[in-house]
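Coordinates as given in work30.txt (compact mmCIF, C-alpha atoms):
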```
# COMPACT_ATOMS: atom_id res chain seq x y z
CA MET C 29 12.39 -2.32 56.42
CA GLU C 30 12.83 1.37 57.02
CA ASN C 31 11.44 1.29 60.55
CA SER C 32 12.51 -2.11 61.77
CA CYS C 33 15.23 -4.65 61.23
CA CYS C 34 15.65 -8.29 62.06
CA VAL C 35 18.54 -9.83 63.92
CA VAL C 36 19.17 -13.55 64.17
CA THR C 37 21.19 -14.99 67.05
CA PHE C 38 22.98 -18.34 67.24
CA GLU C 39 24.15 -20.78 69.87
CA ILE C 40 27.29 -21.75 68.01
CA THR C 41 29.55 -19.51 65.89
CA GLN C 42 29.62 -22.07 63.09
CA HIS C 43 25.83 -21.85 62.76
CA SER C 44 26.10 -18.13 61.97
CA LEU C 45 28.58 -18.88 59.16
CA ILE C 46 26.38 -21.64 57.71
CA PHE C 47 23.35 -19.32 57.98
CA GLU C 48 25.16 -16.54 56.11
CA LYS C 49 26.32 -18.88 53.34
CA LYS C 50 22.90 -20.48 52.83
CA LEU C 51 21.20 -17.10 52.65
CA ARG C 52 23.76 -15.66 50.23
CA ASP C 53 23.52 -18.78 48.03
CA ASN C 54 19.78 -18.22 47.85
CA GLY C 55 20.02 -14.53 47.06
CA PHE C 56 19.05 -13.07 50.44
CA GLU C 57 20.62 -9.98 51.99
CA VAL C 58 22.58 -10.90 55.13
CA LYS C 59 25.38 -9.39 57.21
CA LEU C 60 27.20 -10.86 60.21
CA MET C 61 27.96 -8.45 63.08
CA PRO C 62 28.55 -8.57 66.84
CA VAL C 63 25.34 -9.23 68.76
CA PRO C 64 23.74 -5.81 69.40
CA ARG C 65 24.22 -4.63 72.99
CA GLU C 66 20.43 -4.26 73.41
CA LEU C 67 19.90 -7.95 72.81
CA SER C 68 22.70 -9.43 74.84
CA SER C 69 25.67 -8.70 77.09
CA SER C 70 27.56 -11.44 75.27
CA CYS C 71 30.07 -10.62 72.55
CA GLY C 72 28.97 -13.31 70.11
CA ILE C 73 28.03 -13.01 66.44
CA ALA C 74 24.56 -12.26 65.04
CA ALA C 75 23.14 -11.94 61.53
CA TYR C 76 21.16 -8.97 60.21
CA ILE C 77 18.51 -9.77 57.64
CA ASN C 78 15.81 -7.87 55.82
CA CYS C 79 12.54 -8.26 57.79
CA ASP C 80 10.59 -8.52 54.55
CA ASP C 81 12.42 -11.78 53.86
CA LYS C 82 11.65 -13.29 57.27
CA ALA C 83 8.99 -15.78 56.13
CA ASN C 84 11.06 -16.97 53.17
CA ILE C 85 14.19 -17.28 55.32
CA LEU C 86 12.34 -19.27 57.97
CA SER C 87 11.08 -21.57 55.27
CA LEU C 88 14.59 -21.94 53.82
CA CYS C 89 16.02 -22.72 57.26
CA GLU C 90 13.44 -25.42 57.78
CA ASP C 91 13.95 -26.96 54.36
CA GLU C 92 17.74 -26.94 54.55
CA ASN C 93 17.99 -27.68 58.29
CA VAL C 94 19.80 -24.41 59.02
CA ILE C 95 20.07 -23.95 62.79
CA PHE C 96 19.65 -20.64 64.59
CA GLU C 97 18.74 -19.63 68.13
CA LYS C 98 16.19 -16.85 67.73
CA PHE C 99 14.76 -14.17 65.45
CA HIS C 100 14.58 -10.68 66.96
CA GLU C 101 12.61 -7.84 65.40
CA VAL C 102 13.79 -4.43 66.55
CA ASN C 103 12.21 -1.03 65.99
CA LEU C 104 14.87 1.23 64.52
CA ASN C 105 13.13 4.42 65.60
CA LYS C 106 13.30 3.43 69.28
CA SER C 107 16.87 2.27 69.18
CA LYS C 108 19.85 4.53 69.64
CA SER C 109 22.50 1.84 69.64
CA TRP C 110 25.60 1.77 67.44
CA PHE C 111 24.25 -1.32 65.75
CA PHE C 112 21.03 0.13 64.47
CA LYS C 113 22.53 3.47 63.56
CA HIS C 114 24.99 1.54 61.44
CA LEU C 115 22.15 -0.27 59.73
CA LYS C 116 20.37 2.98 58.95
CA LYS C 117 23.29 4.21 56.86
CA MET V 24 27.66 8.90 69.31
CA GLY V 25 29.18 6.53 66.74
CA SER V 26 29.64 2.97 67.86
CA LYS V 27 33.33 2.82 67.09
CA ARG V 28 33.95 6.16 68.77
CA LYS V 29 32.13 4.90 71.87
CA MET V 30 34.28 1.77 71.96
CA PHE V 31 37.40 3.89 71.44
CA ILE V 32 36.45 6.13 74.40
CA PHE V 33 35.69 3.17 76.67
CA GLY V 34 39.09 1.72 75.75
CA GLY V 35 40.65 5.14 76.25
CA ILE V 36 39.34 5.40 79.82
CA ILE V 37 40.90 2.02 80.61
CA GLY V 38 44.17 3.09 78.98
CA ILE V 39 44.40 6.35 80.93
CA ILE V 40 43.62 4.56 84.19
CA ALA V 41 46.39 2.04 83.46
CA ALA V 42 48.91 4.86 82.92
CA ILE V 43 47.78 6.62 86.12
CA LEU V 44 48.08 3.43 88.20
CA MET V 45 51.60 2.91 86.89
CA LYS V 46 52.44 6.49 87.83
CA LEU V 47 51.00 5.95 91.32
CA GLY V 48 53.14 2.92 92.07
CA ASN V 49 52.02 -0.19 90.18
CA PRO V 50 54.87 -2.23 88.63
CA GLY V 51 56.31 -1.26 85.24
CA ASN V 52 53.83 -1.58 82.36
CA MET V 53 51.48 -3.24 84.83
CA GLY V 54 48.97 -0.50 85.54
CA MET V 55 46.40 -3.19 84.90
CA CYS V 56 47.12 -6.86 84.18
CA ILE V 57 44.49 -9.47 84.84
CA ALA V 58 46.81 -12.50 84.69
CA CYS V 59 49.47 -10.87 86.88
CA PHE V 60 46.91 -9.60 89.37
CA TRP V 61 45.20 -12.98 89.76
CA ARG V 62 48.71 -14.47 90.11
CA ASP V 63 49.48 -11.98 92.89
CA ILE V 64 46.21 -12.86 94.61
CA ALA V 65 47.04 -16.59 94.31
CA GLY V 66 50.36 -15.79 96.02
CA ALA V 67 48.73 -13.71 98.76
CA LEU V 68 46.40 -16.64 99.49
CA GLY V 69 49.46 -18.87 99.89
CA LEU V 70 48.74 -20.97 96.81
CA HIS V 71 52.29 -20.37 95.58
CA LYS V 72 55.43 -19.35 97.43
CA ALA V 73 56.99 -16.85 95.02
CA GLY V 74 57.66 -14.18 97.62
CA VAL V 75 57.97 -11.32 95.13
CA VAL V 76 54.48 -11.67 93.62
CA GLN V 77 52.07 -11.82 96.55
CA TYR V 78 49.49 -9.09 96.98
CA ILE V 79 45.71 -8.84 97.02
CA ARG V 80 45.31 -6.49 94.09
CA PRO V 81 42.47 -4.04 94.82
CA GLU V 82 41.99 -3.43 91.08
CA ILE V 83 40.58 -6.97 90.70
CA ILE V 84 38.17 -6.42 93.61
CA GLY V 85 37.13 -3.09 92.06
CA ILE V 86 36.60 -4.64 88.63
CA ILE V 87 34.35 -7.33 90.13
CA PHE V 88 32.35 -4.79 92.17
CA GLY V 89 32.04 -2.45 89.19
CA ALA V 90 30.93 -5.10 86.73
CA PHE V 91 28.59 -6.76 89.24
CA SER V 92 26.91 -3.48 90.24
CA ILE V 93 26.37 -2.16 86.73
CA SER V 94 25.13 -5.53 85.43
CA TYR V 95 22.75 -5.79 88.37
CA LEU V 96 21.38 -2.30 87.74
CA THR V 97 20.98 -2.76 83.99
CA GLY V 98 19.50 -6.26 84.09
CA ASP V 99 22.55 -7.94 82.54
CA PHE V 100 23.14 -9.96 85.71
CA LYS V 101 21.96 -13.45 84.72
CA VAL V 102 22.99 -16.56 86.57
CA LYS V 103 23.96 -19.18 84.01
CA GLY V 104 26.34 -22.11 83.91
CA GLY V 105 26.87 -25.76 83.14
CA SER V 106 28.68 -25.39 79.80
CA SER V 107 31.65 -27.80 80.09
CA PRO V 108 33.01 -26.37 83.36
CA LEU V 109 35.93 -28.81 83.66
CA ILE V 110 37.13 -28.06 80.12
CA ARG V 111 36.89 -24.33 80.88
CA PHE V 112 38.94 -24.86 84.06
CA ILE V 113 41.67 -26.65 82.06
CA LEU V 114 41.67 -23.96 79.35
CA GLY V 115 41.92 -21.25 82.04
CA PHE V 116 44.80 -23.18 83.59
CA PHE V 117 46.78 -23.37 80.34
CA LEU V 118 45.90 -19.79 79.44
CA MET V 119 47.62 -18.67 82.63
CA ILE V 120 50.70 -20.82 81.90
CA GLY V 121 51.04 -19.13 78.50
CA GLY V 122 50.48 -15.71 80.05
CA LEU V 123 53.12 -16.20 82.73
CA VAL V 124 55.67 -17.40 80.19
CA PHE V 125 55.07 -14.24 78.13
CA LEU V 126 54.69 -12.24 81.37
CA GLY V 127 51.28 -10.72 81.02
CA CYS V 128 47.72 -11.14 79.83
CA PRO V 129 46.61 -9.63 76.49
CA LEU V 130 45.79 -6.37 78.32
CA ARG V 131 49.33 -6.05 79.68
CA MET V 132 50.60 -6.95 76.22
CA ILE V 133 48.87 -3.80 74.93
CA LEU V 134 50.18 -1.75 77.88
CA ARG V 135 53.72 -3.03 77.30
CA LEU V 136 53.45 -2.13 73.64
CA ALA V 137 52.20 1.33 74.57
CA ASN V 138 55.34 1.90 76.63
CA GLY V 139 57.70 0.93 73.82
CA ASP V 140 58.29 -2.73 74.74
CA LEU V 141 58.71 -4.36 71.33
CA ASN V 142 58.74 -7.86 72.88
CA ALA V 143 55.00 -7.29 73.22
CA LEU V 144 54.82 -6.92 69.43
CA VAL V 145 56.19 -10.45 69.15
CA GLY V 146 53.62 -11.48 71.75
CA LEU V 147 50.87 -9.77 69.75
CA MET V 148 51.84 -11.73 66.64
CA GLY V 149 51.69 -14.93 68.69
CA TYR V 150 48.34 -13.90 70.16
CA ILE V 151 46.86 -13.28 66.71
CA ALA V 152 48.29 -16.62 65.52
CA GLY V 153 46.58 -18.36 68.45
CA ILE V 154 43.31 -16.59 67.69
CA PHE V 155 43.59 -17.55 64.01
CA ILE V 156 44.01 -21.21 64.98
CA GLY V 157 41.09 -20.93 67.43
CA VAL V 158 38.88 -19.39 64.72
CA GLN V 159 39.49 -22.45 62.51
CA PHE V 160 37.98 -24.59 65.27
CA LEU V 161 34.99 -22.24 65.52
CA LYS V 162 34.47 -22.60 61.75
CA LYS V 163 34.52 -26.39 62.10
CA GLY V 164 31.78 -26.35 64.75
CA TYR V 165 33.69 -26.04 68.04
CA SER V 166 31.40 -25.25 70.97
CA LEU V 167 31.49 -25.95 74.68
CA GLY V 168 27.73 -26.47 74.66
CA LYS V 169 24.72 -24.67 76.02
CA ASN V 170 24.55 -23.08 79.42
CA TYR V 171 21.54 -23.20 81.71
CA ASP V 172 19.90 -21.22 84.49
CA GLN V 173 21.59 -21.80 87.84
CA PRO V 174 20.42 -21.07 91.39
CA LYS V 175 20.61 -17.32 92.02
CA ILE V 176 23.12 -17.76 94.86
CA ALA V 177 25.63 -19.22 92.38
CA GLY V 178 25.87 -15.82 90.68
CA TYR V 179 26.66 -14.10 93.97
CA LEU V 180 29.56 -16.39 94.85
CA PHE V 181 32.09 -14.51 92.73
CA PRO V 182 31.19 -11.06 94.14
CA ILE V 183 31.23 -12.63 97.65
CA PHE V 184 34.75 -13.90 96.90
CA ALA V 185 35.68 -10.28 96.08
CA VAL V 186 34.25 -9.13 99.44
CA VAL V 187 36.33 -11.78 101.24
CA LEU V 188 39.44 -10.61 99.36
CA LEU V 189 38.67 -7.02 100.38
CA ILE V 190 38.39 -8.08 104.03
CA PHE V 191 41.76 -9.88 103.77
CA LEU V 192 43.28 -6.79 102.16
CA VAL V 193 42.04 -4.46 104.89
CA VAL V 194 42.46 -6.73 107.94
CA LYS V 195 45.72 -8.29 106.73
CA PRO V 196 45.47 -11.54 108.74
CA ALA V 197 48.75 -13.39 109.36
CA PHE V 198 47.90 -16.16 106.87
CA ILE V 199 47.67 -13.71 103.97
CA LEU V 200 51.06 -13.05 102.38
CA PHE V 201 52.19 -9.64 101.17
CA SER V 202 55.44 -9.15 99.23
CA THR V 203 57.99 -6.87 100.82
CA GLU V 204 60.10 -6.68 97.65
CA GLY V 205 59.65 -7.17 93.90
CA PRO V 206 56.57 -6.47 91.77
CA GLY V 207 54.19 -7.65 94.51
CA SER V 208 55.38 -4.87 96.78
CA MET V 209 54.79 -2.18 94.16
CA ALA V 210 51.26 -0.84 94.27
CA ALA V 211 49.16 2.27 93.87
CA PRO V 212 47.20 3.38 96.99
CA VAL V 213 44.44 0.90 97.85
CA ILE V 214 41.49 3.32 97.61
CA ILE V 215 42.58 4.66 94.23
CA SER V 216 43.20 1.14 92.92
CA LEU V 217 39.74 0.05 94.10
CA LEU V 218 38.00 3.01 92.47
CA ALA V 219 40.06 2.69 89.29
CA GLY V 220 39.20 -1.01 89.15
CA ALA V 221 35.49 -0.23 89.58
CA ILE V 222 35.56 2.28 86.69
CA VAL V 223 37.39 -0.24 84.51
CA GLY V 224 34.86 -2.93 85.49
CA ILE V 225 31.94 -0.70 84.50
CA CYS V 226 33.58 0.29 81.19
CA LEU V 227 34.34 -3.33 80.33
CA GLN V 228 30.87 -4.57 81.26
CA ARG V 229 29.09 -1.89 79.25
CA SER V 230 31.38 -2.03 76.23
CA ARG V 231 31.98 -5.81 76.23
CA ILE V 232 35.58 -5.09 75.19
CA CYS V 233 37.44 -8.36 74.73
CA THR V 234 40.95 -8.45 73.30
CA ALA V 235 40.33 -11.91 71.82
CA GLY V 236 36.87 -10.99 70.49
CA GLY V 237 38.28 -7.97 68.66
CA PHE V 238 40.74 -10.00 66.61
CA ARG V 239 38.30 -12.92 66.27
CA ASP V 240 35.67 -10.71 64.63
CA LEU V 241 38.27 -9.16 62.35
CA ILE V 242 39.41 -12.58 61.15
CA LEU V 243 36.00 -14.27 61.10
CA ILE V 244 33.56 -11.61 59.89
CA ARG V 245 35.82 -8.63 58.99
CA ASP V 246 34.21 -6.51 61.71
CA THR V 247 36.26 -3.95 63.65
CA HIS V 248 33.75 -2.94 66.34
CA PHE V 249 35.58 -4.44 69.33
CA LEU V 250 38.99 -3.70 67.82
CA TRP V 251 38.34 0.01 68.32
CA GLY V 252 38.23 -0.59 72.07
CA ILE V 253 41.65 -2.25 71.94
CA LEU V 254 42.98 0.63 69.85
CA GLY V 255 41.57 3.08 72.43
CA ILE V 256 43.44 1.28 75.23
CA PHE V 257 46.69 1.39 73.24
CA ILE V 258 46.54 5.02 72.13
CA PHE V 259 45.42 6.47 75.47
CA THR V 260 47.96 4.40 77.42
CA LEU V 261 50.63 5.64 75.03
CA ILE V 262 49.57 9.27 75.53
CA GLY V 263 49.20 8.73 79.29
CA ASN V 264 52.67 7.21 79.52
CA LEU V 265 54.28 9.98 77.47
CA VAL V 266 52.70 12.58 79.77
CA LEU V 267 52.85 10.83 83.16
CA ASN V 268 55.62 8.23 82.87
CA PHE V 269 57.94 9.72 80.26
CA GLU V 270 61.08 8.84 82.22
CA LYS V 271 60.04 5.18 82.08
CA PHE V 272 59.23 5.16 78.35
CA ASN V 273 61.67 2.76 76.70
CA PHE V 274 61.43 1.91 73.01
CA GLY V 275 63.13 -1.38 72.15
CA PHE V 276 63.57 -5.00 73.12
CA THR V 277 65.98 -4.74 76.03
CA GLY V 278 65.79 -3.25 79.50
CA GLN V 279 62.01 -3.61 79.67
CA PRO V 280 60.40 -3.99 83.11
CA ILE V 281 59.15 -7.47 84.05
CA ALA V 282 59.78 -8.81 80.55
CA HIS V 283 62.29 -10.98 78.69
CA ASN V 284 63.32 -11.05 75.04
CA ASP V 285 63.04 -14.74 74.23
CA PHE V 286 61.26 -14.18 70.90
CA LEU V 287 60.13 -17.76 70.38
CA PHE V 288 58.50 -18.12 73.79
CA ASN V 289 57.03 -14.63 73.81
CA PHE V 290 55.35 -15.74 70.58
CA LEU V 291 54.36 -19.25 71.69
CA GLY V 292 53.26 -18.16 75.17
CA MET V 293 50.80 -15.72 73.64
CA THR V 294 49.79 -18.26 70.97
CA LEU V 295 48.62 -20.47 73.83
CA VAL V 296 46.82 -17.50 75.42
CA GLY V 297 45.10 -16.58 72.12
CA LEU V 298 44.06 -20.14 71.41
CA CYS V 299 42.65 -20.70 74.91
CA SER V 300 40.88 -17.31 74.87
CA ILE V 301 39.03 -18.11 71.64
CA LEU V 302 38.10 -21.59 72.86
CA LEU V 303 36.80 -20.05 76.10
CA GLY V 304 34.91 -17.25 74.33
CA GLY V 305 36.94 -14.45 75.92
CA CYS V 306 40.30 -13.28 77.24
CA PRO V 307 41.09 -13.21 81.00
CA ILE V 308 39.63 -9.73 81.47
CA ARG V 309 36.40 -10.73 79.72
CA GLN V 310 36.18 -13.90 81.83
CA THR V 311 36.52 -11.81 84.99
CA ILE V 312 33.71 -9.50 83.83
CA LEU V 313 31.44 -12.41 82.83
CA ALA V 314 32.07 -14.11 86.18
CA SER V 315 31.01 -10.86 87.89
CA GLN V 316 27.72 -10.72 85.99
CA GLY V 317 26.54 -14.19 86.99
CA ASP V 318 28.32 -16.47 84.50
CA THR V 319 29.42 -19.34 86.70
CA ASP V 320 31.34 -20.98 83.83
CA ALA V 321 33.51 -17.88 83.64
CA GLY V 322 33.89 -18.16 87.43
CA ILE V 323 35.29 -21.67 86.98
CA THR V 324 37.61 -20.31 84.27
CA VAL V 325 38.95 -17.69 86.70
CA ILE V 326 39.58 -20.42 89.27
CA GLY V 327 41.49 -22.20 86.49
CA LEU V 328 43.54 -19.02 86.02
CA ILE V 329 44.31 -18.87 89.75
CA VAL V 330 45.30 -22.54 89.96
CA GLY V 331 47.34 -22.15 86.76
CA ALA V 332 49.22 -19.25 88.34
CA ALA V 333 49.90 -21.30 91.47
CA PHE V 334 51.26 -24.22 89.42
CA ALA V 335 53.27 -21.86 87.19
CA HIS V 336 55.24 -20.66 90.21
CA ASN V 337 55.28 -23.91 92.22
CA PHE V 338 56.62 -25.90 89.22
CA GLY V 339 59.03 -23.21 88.07
CA LEU V 340 57.19 -22.55 84.80
CA ALA V 341 56.78 -18.78 85.06
CA ALA V 342 59.25 -16.56 83.24
CA SER V 343 61.05 -13.60 84.77
CA GLY V 344 63.22 -10.77 83.55
CA ASN V 345 66.00 -13.38 83.29
CA GLY V 346 64.11 -15.38 80.66
CA VAL V 347 61.94 -18.46 80.35
CA PRO V 348 62.92 -21.50 82.44
CA THR V 349 63.13 -24.87 80.66
CA ASN V 350 60.10 -26.12 82.58
CA GLY V 351 58.11 -23.15 81.26
CA LYS V 352 59.09 -23.87 77.66
CA ILE V 353 58.07 -27.52 78.01
CA ALA V 354 54.80 -26.51 79.66
CA VAL V 355 53.87 -24.12 76.83
CA ILE V 356 54.52 -26.76 74.18
CA ILE V 357 52.57 -29.37 76.15
CA GLY V 358 49.80 -26.77 76.60
CA ILE V 359 49.53 -25.98 72.88
CA VAL V 360 49.53 -29.66 71.89
CA PHE V 361 47.06 -30.61 74.63
CA VAL V 362 44.65 -27.76 73.82
CA LEU V 363 44.78 -28.58 70.08
CA ILE V 364 43.91 -32.21 70.84
CA LEU V 365 41.15 -31.10 73.22
CA ALA V 366 39.60 -28.72 70.67
CA SER V 367 39.87 -31.29 67.85
CA SER V 368 38.12 -33.93 69.90
CA ILE V 369 35.34 -31.47 70.78
CA VAL V 370 34.87 -30.62 67.09
CA LEU V 371 34.75 -34.32 66.17
CA ASN V 372 32.24 -34.94 68.95
CA ASN V 373 30.05 -32.01 67.88
CA VAL V 374 30.08 -33.08 64.24
CA LYS V 375 28.69 -36.47 65.25
CA LYS V 376 26.09 -35.03 67.56
CA VAL V 377 22.70 -34.16 66.13
CA SER V 378 21.96 -30.53 67.00
CA LYS V 379 18.57 -29.87 68.45
CA ASP V 380 17.00 -26.46 68.68
CA SER V 381 16.39 -25.40 72.28
CA LYS V 382 14.93 -22.05 73.12
CA GLY V 383 16.01 -19.83 75.99
CA VAL V 384 19.53 -21.13 76.33
CA SER V 385 22.76 -19.86 74.90
CA ALA V 386 26.40 -20.77 74.92
CA ASN V 387 29.32 -18.56 75.79
CA VAL V 388 31.22 -19.73 72.72
```
Structure encoded using structure tokens:
Amino acid sequence: MENSCCVVTFEITQHSLIFEKKLRDNGFEVKLMPVPRELSSSCGIAAYINCDDKANILSLCEDENVIFEKFHEVNLNKSKSWFFKHLKK
Amino acid sequence: MGSKRKMFIFGGIIGIIAAILMKLGNPGNMGMCIACFWRDIAGALGLHKAGVVQYIRPEIIGIIFGAFSISYLTGDFKVKGGSSPLIRFILGFFLMIGGLVFLGCPLRMILRLANGDLNALVGLMGYIAGIFIGVQFLKKGYSLGKNYDQPKIAGYLFPIFAVVLLIFLVVKPAFILFSTEGPGSMAAPVIISLLAGAIVGICLQRSRICTAGGFRDLILIRDTHFLWGILGIFIFTLIGNLVLNFEKFNFGFTGQPIAHNDFLFNFLGMTLVGLCSILLGGCPIRQTILASQGDTDAGITVIGLIVGAAFAHNFGLAASGNGVPTNGKIAVIIGIVFVLILASSIVLNNVKKVSKDSKGVSANV
């Protein structure tokens, strides 16, 4: 968690909202933010989750049919973007 | 550097450039206006006959070159398309109608506000109202669908269009129309406009500043990242105007350049712009940047903007300093109703459709 973070991207804005609600309802840490510049030149919405929860979240998404586009794992030490600096705080 | 500070500086560069271009000859509060500039280009190409707004604006060519070059160098240039192009064309069309009733795109709305034009404050309220309505559709599952890889040449068409426009601007063939009076005749020197446009294009491509995205994120996820870019544009234009264009600074509702004070239609015109921008996934300036970095759907949207501008003048819909013509008022109301019906039907359709996960593709909205 200290050295890496996980970002989830979505094809549809609504999916990010459903994802956030499902995770919160099940006690997971989640925060919606603009897609980090390193991942995309689009200005859509992504979700930050705790990497330690990845397996459980994937399982939850499958059980509850929660749709997402992709999981991205990013090394915080290598990144200098606004997004990851913000997460380090 | 902090993320918000970076966005603020990117916005600030755009704001200063807008003030400089106004100082160097661009029309009042129109240092940079994407809707007005595409409208001028539509006029120069003979698509409408409003003699006072015909000019091939070099800023647009510069923006396309700047955004294309930087996206190509950084690997952001990706040729995608096929996400409801006809719907995007229609939304671009109505966006332009709303913009030309208000008299400006969201960027010019900020520039007008930064020069004391309080009619732009009414427009801003309308814009936020339109975005708020658009966000409700996003929450309900609105999407224009996935986009797909397109042939590489498709991504070059928009930059090639910019090259053709540059040739027309330099060669000035007889079939290209240039205003001899009115806003279309007021312009900063071509070279400076081109370079300024290129810098703005690079800033916008790197920062992803989108006037609609800034307010969307604030309403939808309480995030202010993109909003700092908008604030940067406003504050630096304000400072730039106070230093460079002080004699033109005019605080109030009346006597504003290329503006009217019909409150209701300043509000509703920008409501239509805000609504269309959210449904398209970006305001006119963002669409122009996306089109430059290989997004062919955004390219279609820009063509919608151009055709919308042509119709706005050919059908007498566009406002002027004298106010909003009746045809323009009717067109804005038809536009809002039509776009609401369009978005509702898309939401209903998407609710029925079973979503299937598909890797490697993404939608613009």
> Residues of chain C within 7 Å of chain V, using all atoms listed in the file, as a PyMOL selection string?
Replying inline: chain C and resi 39-42+60-61+69+71+97+110
So that I have them on file, write out the residues from the current selection with C-alpha atoms, as an mmCIF file, in the frame of the given file.
```cif
data_model
loop_
_atom_site.group_PDB
_atom_site.id
_atom_site.type_symbol
_atom_site.label_atom_id
_atom_site.label_comp_id
_atom_site.auth_asym_id
_atom_site.auth_seq_id
_atom_site.Cartn_x
_atom_site.Cartn_y
_atom_site.Cartn_z
ATOM 1 C CA GLU C 39 24.150 -20.780 69.870
ATOM 2 C CA ILE C 40 27.290 -21.750 68.010
ATOM 3 C CA THR C 41 29.550 -19.510 65.890
ATOM 4 C CA GLN C 42 29.620 -22.070 63.090
ATOM 5 C CA LEU C 60 27.200 -10.860 60.210
ATOM 6 C CA MET C 61 27.960 -8.450 63.080
ATOM 7 C CA SER C 69 25.670 -8.700 77.090
ATOM 8 C CA CYS C 71 30.070 -10.620 72.550
ATOM 9 C CA GLU C 97 18.740 -19.630 68.130
ATOM 10 C CA TRP C 110 25.600 1.770 67.440
#
```
> Hey, can you pull every residue with an atom no more than 8 Å from (46.8, 3.7, 74.0), using only C-alpha atoms, and send it as JSON, numbers by chain?
Replying inline: {"V": [35, 38, 39, 133, 134, 137, 254, 255, 256, 257, 258, 259, 260, 261, 262, 263]}
>> Nearest residue to Asp91 in chain C out of C:Phe38, C:Cys33, C:Lys50, C:Ser68, using only C-alpha atoms?
In response: C:Lys50
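Among the candidates V:Pro212, V:Gly224, V:Gly127, V:Gly105, the residue lying nearest to Met45 in chain V is V:Pro212 (atoms considered: all atoms listed in the file).
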> Got a sec: who's within 12 Å of Gly339 in chain V, counting all atoms listed in the file, leaving out chain neighbours fewer than 6 positions off, as a ChimeraX atom specification?
Replying inline: /V:71-73,120,123-124,331-333,346-354
>> Show me, as a PyMOL selection string, the residues that have an atom within 12 Å of Lys49 in chain C when counting all atoms listed in the file, minus same-chain residues fewer than 2 positions from it.
In response: chain C and resi 42-47+51-60+75+89+92+94
>> Counting all atoms listed in the file, I want the residues whose atoms come within 7 Å of (19.1, -14.2, 66.0) in the file frame, returned as number ranges by chain.
In response: C: 35-38, 74-75, 96-100
>> For a quick check of understanding, using only C-alpha atoms, which of V:Ile57, V:Leu241, V:Met132, V:Ile312 has the smallest distance to Ser70 in chain C?
In response: V:Ile312
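Between His336 in chain V and the candidates V:Ala211, V:Cys59, V:Ile32, V:Ile183, the tightest atom-to-atom separation, counting only C-alpha atoms, involves V:Cys59.
From CA of Ile64 in chain V back to CA of Gln77 in chain V, the distance works out to 6.3 Å.
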> Interatomic distance between CA of Tyr150 in chain V and CA of Arg80 in chain V?
Replying inline: 25.2 Å
>> Can you measure CA of Gly115 in chain V to CA of Thr319 in chain V for me? One decimal in Å is fine.
In response: 13.5 Å
>> Using all atoms listed in the file, can you tell me which of V:Pro129, V:Pro50, V:Gly69, V:Gly322 comes closest to Gly207 in chain V?
In response: V:Pro50
